[in-house]
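Student: Handing you a structure now.
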Amino acid sequence: LQLNDKVAVVAAASRGLGRAVAEALAAEGARLAICSRDRGRITAAADAIRDATGSDVLALECDVTDPAAVARFAATVLDHYGTAHILFTNAGGPPPGSVLDFGADDYAAAVELNLLSTIRLVNAFLPAMQRQGWGRIVASTSISVKQPLPNLALSNVARAGVVAYIKSLSQRVAADNITANTVAPGYIMTERVDQLLDDRAAREERTPAEVREDLAGDIPARRIGRPDEFGALVAFLASEPAAYITGTTLLIDGGMYQGLM
Ligand SMILES: NC(=O)c1ccc[n+]([C@@H]2O[C@H](COP(=O)([O-])OP(=O)(O)OC[C@H]3O[C@@H](n4cnc5c(N)ncnc54)[C@H](OP(=O)(O)O)[C@@H]3O)[C@@H](O)[C@H]2O)c1
C-alpha cells in the first residue's frame, strides 16, 4: 500500500476499532502515534504492536474530548515525527438509549465526543498535511449515518455531523492531494459491541448469546465483522492507491444496510 515510513495518527487506539486500524497501518510499514484516555492501556497496545510489527509506535494519553489534551497530543506527535501523513479520527461511543430518553445536555456531550473531537483532531494535524502536499483523513462513524439505529439516538445524531464535516473538508483540501473519507461500520466484534449486546439482552430478558445469534442472523453475511477487516479497509483508504477516493462514506457491514445507495 506504499505506507512505508508514513506517519499515521490513530485516535482511541488502545482497544477495538482504533487498535485494529493501528495494527493494520503498522503492518503496512507506517510509523504510529496512538492515543487513548488511559496511559496503561495505550502503552500496552503500543508494546504489542511494536513487538508484532517492528514499527515505531509513540503512545500518548489523550482524551479527545479535551481540547487542551488534543493540542498537547498534536504538538508532541509533530515534534517527535516532524509531520503527520495519515489521521484516523475515533472516540468511544455515547451511551445507548432512544430518542426521548435524553435531554439537550446528553446530545451536547455526544456531539463533543464524536463530532467536535473529529474537528479538533483535523484542525491539529491538517496544517502538516497541507505543508507536505499529501494527506489521508479517515473518520470513523457508524452505519447509523445511513440508517439510524434503534436505541442509539445519541450516536445517530452526533455522527451525522461527522459526515457533513468530512464531506465539506474533502472538497476544500482535494487539490492539496489530501483525501477525507468516512467509514461506517455495522457490527464489528469489539468490547463496545459486547456491551451493547449485554444491554439489549438485559432489556429483552434474554441471554447475550441469544441476542448475538439473532443479530448475526439479521446480517446478510450471517456473522458479526472482525476488527482486522475494518483495519484493512482503513489502511487501504489511507494508502497511495486510494488517492482518487475522497468525500465518500464507506460502509463495512456484511450487507446489513438496507438502502440502495
Ligand atoms: N464496533 C462496532 O461495531 C461499531 C459500530 C459502529 C460504531 N462504532 C463506534 O466506533 C467507535 C469505536 O468503537 P469500538 O467498538 O472500537 O469501541 P471500544 O472497543 O469500546 O474501544 C473504544 C476505544 O476508544 C478509546 N476511547 C474511548 N473514549 C475516548 C476518549 N474520549 N478519548 C480517547 N480515547 C477514547 C478507548 O480507550 P481508553 O478506554 O483506553 O481510553 C478504546 O481504545 C465508538 O465510537 C463506537 O461507538 C463501533
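Residues in the C-alpha cells are named by chain (A, B, ... in the order shown) and by number from 1 within that chain; ligands are numbered from 1 in the order shown.
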Set the cut-off to 6 Å, count only C-alpha atoms and all ligand atoms, and list whatever residues fall near ligand 1 as an MDAnalysis selection string.
Tutor: chainID A and resid 12:18 36:38 41:42 62:65 90:93 141:142 185:193
Student: Pick out each residue of stretch 66-226 of chain A that DSSP on the backbone tags as helix (DSSP H, G or I); I need them as a PyMOL selection string.
Tutor: chain A and resi 67-81+99-101+104-132+143-145+153-176+191-204+208-218
Student: Those same residues, written as an mmCIF file, in the first residue's frame with C-alpha atoms?
Tutor:
data_model
loop_
_atom_site.group_PDB
_atom_site.id
_atom_site.type_symbol
_atom_site.label_atom_id
_atom_site.label_comp_id
_atom_site.auth_asym_id
_atom_site.auth_seq_id
_atom_site.Cartn_x
_atom_site.Cartn_y
_atom_site.Cartn_z
ATOM 1 C CA PRO A 67 -9.249 20.480 23.579
ATOM 2 C CA ALA A 68 -6.068 21.158 25.575
ATOM 3 C CA ALA A 69 -5.184 17.457 25.586
ATOM 4 C CA VAL A 70 -5.658 17.212 21.803
ATOM 5 C CA ALA A 71 -3.424 20.266 21.315
ATOM 6 C CA ARG A 72 -0.733 18.693 23.555
ATOM 7 C CA PHE A 73 -1.058 15.367 21.733
ATOM 8 C CA ALA A 74 -0.610 17.003 18.327
ATOM 9 C CA ALA A 75 2.324 19.117 19.486
ATOM 10 C CA THR A 76 4.107 16.049 20.892
ATOM 11 C CA VAL A 77 3.481 13.965 17.757
ATOM 12 C CA LEU A 78 4.593 16.710 15.373
ATOM 13 C CA ASP A 79 7.650 17.403 17.483
ATOM 14 C CA HIS A 80 8.555 13.703 17.572
ATOM 15 C CA TYR A 81 7.998 12.788 13.902
ATOM 16 C CA VAL A 99 -34.526 9.498 21.173
ATOM 17 C CA LEU A 100 -36.732 10.752 24.036
ATOM 18 C CA ASP A 101 -34.550 9.265 26.775
ATOM 19 C CA ALA A 104 -30.097 18.562 25.293
ATOM 20 C CA ASP A 105 -27.069 18.160 27.587
ATOM 21 C CA ASP A 106 -26.773 14.497 26.628
ATOM 22 C CA TYR A 107 -26.870 15.403 22.933
ATOM 23 C CA ALA A 108 -24.264 18.112 23.535
ATOM 24 C CA ALA A 109 -21.973 15.575 25.225
ATOM 25 C CA ALA A 110 -22.365 13.165 22.291
ATOM 26 C CA VAL A 111 -21.559 15.946 19.822
ATOM 27 C CA GLU A 112 -18.478 16.770 21.899
ATOM 28 C CA LEU A 113 -17.392 13.116 21.935
ATOM 29 C CA ASN A 114 -17.943 12.205 18.300
ATOM 30 C CA LEU A 115 -18.150 15.401 16.211
ATOM 31 C CA LEU A 116 -16.057 18.071 17.936
ATOM 32 C CA SER A 117 -13.257 15.593 18.689
ATOM 33 C CA THR A 118 -13.053 14.887 14.936
ATOM 34 C CA ILE A 119 -12.893 18.585 14.097
ATOM 35 C CA ARG A 120 -10.232 19.242 16.746
ATOM 36 C CA LEU A 121 -8.023 16.385 15.553
ATOM 37 C CA VAL A 122 -8.326 17.515 11.931
ATOM 38 C CA ASN A 123 -7.524 21.116 12.842
ATOM 39 C CA ALA A 124 -4.448 19.946 14.735
ATOM 40 C CA PHE A 125 -2.959 17.721 12.006
ATOM 41 C CA LEU A 126 -4.211 19.195 8.699
ATOM 42 C CA PRO A 127 -1.630 22.024 8.511
ATOM 43 C CA ALA A 128 1.221 19.462 8.434
ATOM 44 C CA MET A 129 -0.526 17.573 5.611
ATOM 45 C CA GLN A 130 -1.051 20.801 3.684
ATOM 46 C CA ARG A 131 2.613 21.768 4.061
ATOM 47 C CA GLN A 132 3.787 18.473 2.574
ATOM 48 C CA ILE A 143 -23.847 2.528 9.819
ATOM 49 C CA SER A 144 -26.198 4.868 11.721
ATOM 50 C CA VAL A 145 -25.167 7.696 9.360
ATOM 51 C CA ALA A 153 -30.152 8.001 19.363
ATOM 52 C CA LEU A 154 -27.137 9.922 20.649
ATOM 53 C CA SER A 155 -24.878 8.151 18.158
ATOM 54 C CA ASN A 156 -27.390 8.642 15.305
ATOM 55 C CA VAL A 157 -27.471 12.397 15.877
ATOM 56 C CA ALA A 158 -23.816 13.158 16.630
ATOM 57 C CA ARG A 159 -22.335 11.084 13.803
ATOM 58 C CA ALA A 160 -24.401 12.660 11.021
ATOM 59 C CA GLY A 161 -22.434 15.847 11.609
ATOM 60 C CA VAL A 162 -19.152 13.998 11.109
ATOM 61 C CA VAL A 163 -20.205 13.004 7.587
ATOM 62 C CA ALA A 164 -21.208 16.582 6.757
ATOM 63 C CA TYR A 165 -17.932 17.901 8.132
ATOM 64 C CA ILE A 166 -15.712 15.351 6.354
ATOM 65 C CA LYS A 167 -17.572 15.846 3.065
ATOM 66 C CA SER A 168 -17.141 19.623 3.302
ATOM 67 C CA LEU A 169 -13.488 19.193 4.249
ATOM 68 C CA SER A 170 -12.812 16.819 1.350
ATOM 69 C CA GLN A 171 -13.933 19.434 -1.154
ATOM 70 C CA ARG A 172 -11.715 22.080 0.392
ATOM 71 C CA VAL A 173 -8.498 20.003 0.536
ATOM 72 C CA ALA A 174 -8.743 17.696 -2.504
ATOM 73 C CA ALA A 175 -6.489 19.891 -4.645
ATOM 74 C CA ASP A 176 -3.775 19.643 -1.948
ATOM 75 C CA GLU A 191 -15.824 -4.651 23.705
ATOM 76 C CA ARG A 192 -18.268 -1.887 22.767
ATOM 77 C CA VAL A 193 -20.409 -4.325 20.777
ATOM 78 C CA ASP A 194 -20.240 -6.822 23.646
ATOM 79 C CA GLN A 195 -21.609 -4.101 25.954
ATOM 80 C CA LEU A 196 -24.385 -3.186 23.512
ATOM 81 C CA LEU A 197 -25.400 -6.836 23.223
ATOM 82 C CA ASP A 198 -25.415 -7.191 27.030
ATOM 83 C CA ASP A 199 -27.575 -4.074 27.254
ATOM 84 C CA ARG A 200 -30.036 -5.415 24.671
ATOM 85 C CA ALA A 201 -30.129 -8.826 26.374
ATOM 86 C CA ALA A 202 -30.966 -7.213 29.726
ATOM 87 C CA ARG A 203 -33.753 -5.103 28.159
ATOM 88 C CA GLU A 204 -35.237 -8.105 26.363
ATOM 89 C CA PRO A 208 -26.277 -12.242 25.395
ATOM 90 C CA ALA A 209 -25.595 -15.404 23.331
ATOM 91 C CA GLU A 210 -29.201 -15.474 22.057
ATOM 92 C CA VAL A 211 -29.085 -11.793 21.177
ATOM 93 C CA ARG A 212 -25.755 -12.254 19.386
ATOM 94 C CA GLU A 213 -27.096 -15.155 17.347
ATOM 95 C CA ASP A 214 -30.191 -13.147 16.364
ATOM 96 C CA LEU A 215 -28.088 -10.182 15.367
ATOM 97 C CA ALA A 216 -25.797 -12.300 13.190
ATOM 98 C CA GLY A 217 -28.869 -13.900 11.616
ATOM 99 C CA ASP A 218 -30.153 -10.454 10.567
#
Student: Of the residues A:Ser140, A:Gln147, A:Ser55, A:Gln2, which is the one nearest to A:Gln258, using only C-alpha atoms?
Tutor: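 So, comparing all the options, the nearest one is A:Gln147.
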Student: In Å, rounded to a single decimal, give me how far atom CA of A:Ala22 is from atom CA of A:Gly225.
Tutor: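 So the two atoms, atom CA of A:Gly225 and atom CA of A:Ala22, lie 17.3 Å apart.
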Student: Considering only C-alpha atoms, return as a list in words whatever protein or nucleic-acid residues lie within 8 Å of A:Thr248, sequence-local ones (same chain, fewer than 3 positions apart) excluded.
Tutor: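 After dropping sequence-adjacent residues, the list is Lys167, Ala180, Asn181, Thr182 and Ile245 of chain A.
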Student: Please produce an output containing all heavy atoms for each residue in the selection, written as a PDB file, in the first residue's frame.
Tutor:
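Output file out-v6.pdb follows:
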ATOM      1  N   LYS A 167     -17.244  15.567   4.471  1.00  0.00           N
ATOM      2  CA  LYS A 167     -17.572  15.846   3.065  1.00  0.00           C
ATOM      3  C   LYS A 167     -17.153  17.284   2.698  1.00  0.00           C
ATOM      4  O   LYS A 167     -16.531  17.522   1.663  1.00  0.00           O
ATOM      5  CB  LYS A 167     -19.076  15.661   2.848  1.00  0.00           C
ATOM      6  CG  LYS A 167     -19.538  15.900   1.436  1.00  0.00           C
ATOM      7  CD  LYS A 167     -19.140  14.753   0.543  1.00  0.00           C
ATOM      8  CE  LYS A 167     -19.503  15.018  -0.903  1.00  0.00           C
ATOM      9  NZ  LYS A 167     -18.945  13.988  -1.786  1.00  0.00           N
ATOM     10  N   ALA A 180     -10.284  12.887   2.299  1.00  0.00           N
ATOM     11  CA  ALA A 180     -11.009  12.810   3.572  1.00  0.00           C
ATOM     12  C   ALA A 180     -12.252  11.954   3.351  1.00  0.00           C
ATOM     13  O   ALA A 180     -13.095  12.274   2.507  1.00  0.00           O
ATOM     14  CB  ALA A 180     -11.392  14.207   4.054  1.00  0.00           C
ATOM     15  N   ASN A 181     -12.326  10.865   4.051  1.00  0.00           N
ATOM     16  CA  ASN A 181     -13.435   9.922   3.905  1.00  0.00           C
ATOM     17  C   ASN A 181     -13.958   9.494   5.265  1.00  0.00           C
ATOM     18  O   ASN A 181     -13.279   9.647   6.285  1.00  0.00           O
ATOM     19  CB  ASN A 181     -12.962   8.681   3.137  1.00  0.00           C
ATOM     20  CG  ASN A 181     -12.622   8.989   1.693  1.00  0.00           C
ATOM     21  OD1 ASN A 181     -13.504   9.299   0.893  1.00  0.00           O
ATOM     22  ND2 ASN A 181     -11.334   8.941   1.355  1.00  0.00           N
ATOM     23  N   THR A 182     -15.145   8.910   5.235  1.00  0.00           N
ATOM     24  CA  THR A 182     -15.770   8.400   6.451  1.00  0.00           C
ATOM     25  C   THR A 182     -15.975   6.902   6.302  1.00  0.00           C
ATOM     26  O   THR A 182     -16.417   6.450   5.242  1.00  0.00           O
ATOM     27  CB  THR A 182     -17.155   9.062   6.637  1.00  0.00           C
ATOM     28  OG1 THR A 182     -16.997  10.469   6.493  1.00  0.00           O
ATOM     29  CG2 THR A 182     -17.729   8.765   7.996  1.00  0.00           C
ATOM     30  N   ILE A 245     -10.077   8.492  -4.122  1.00  0.00           N
ATOM     31  CA  ILE A 245     -11.293   8.238  -3.341  1.00  0.00           C
ATOM     32  C   ILE A 245     -11.372   9.313  -2.266  1.00  0.00           C
ATOM     33  O   ILE A 245     -10.555   9.329  -1.332  1.00  0.00           O
ATOM     34  CB  ILE A 245     -11.254   6.845  -2.667  1.00  0.00           C
ATOM     35  CG1 ILE A 245     -11.074   5.748  -3.706  1.00  0.00           C
ATOM     36  CG2 ILE A 245     -12.530   6.613  -1.848  1.00  0.00           C
ATOM     37  CD1 ILE A 245     -10.875   4.360  -3.110  1.00  0.00           C
TER      38      ILE A 245
END
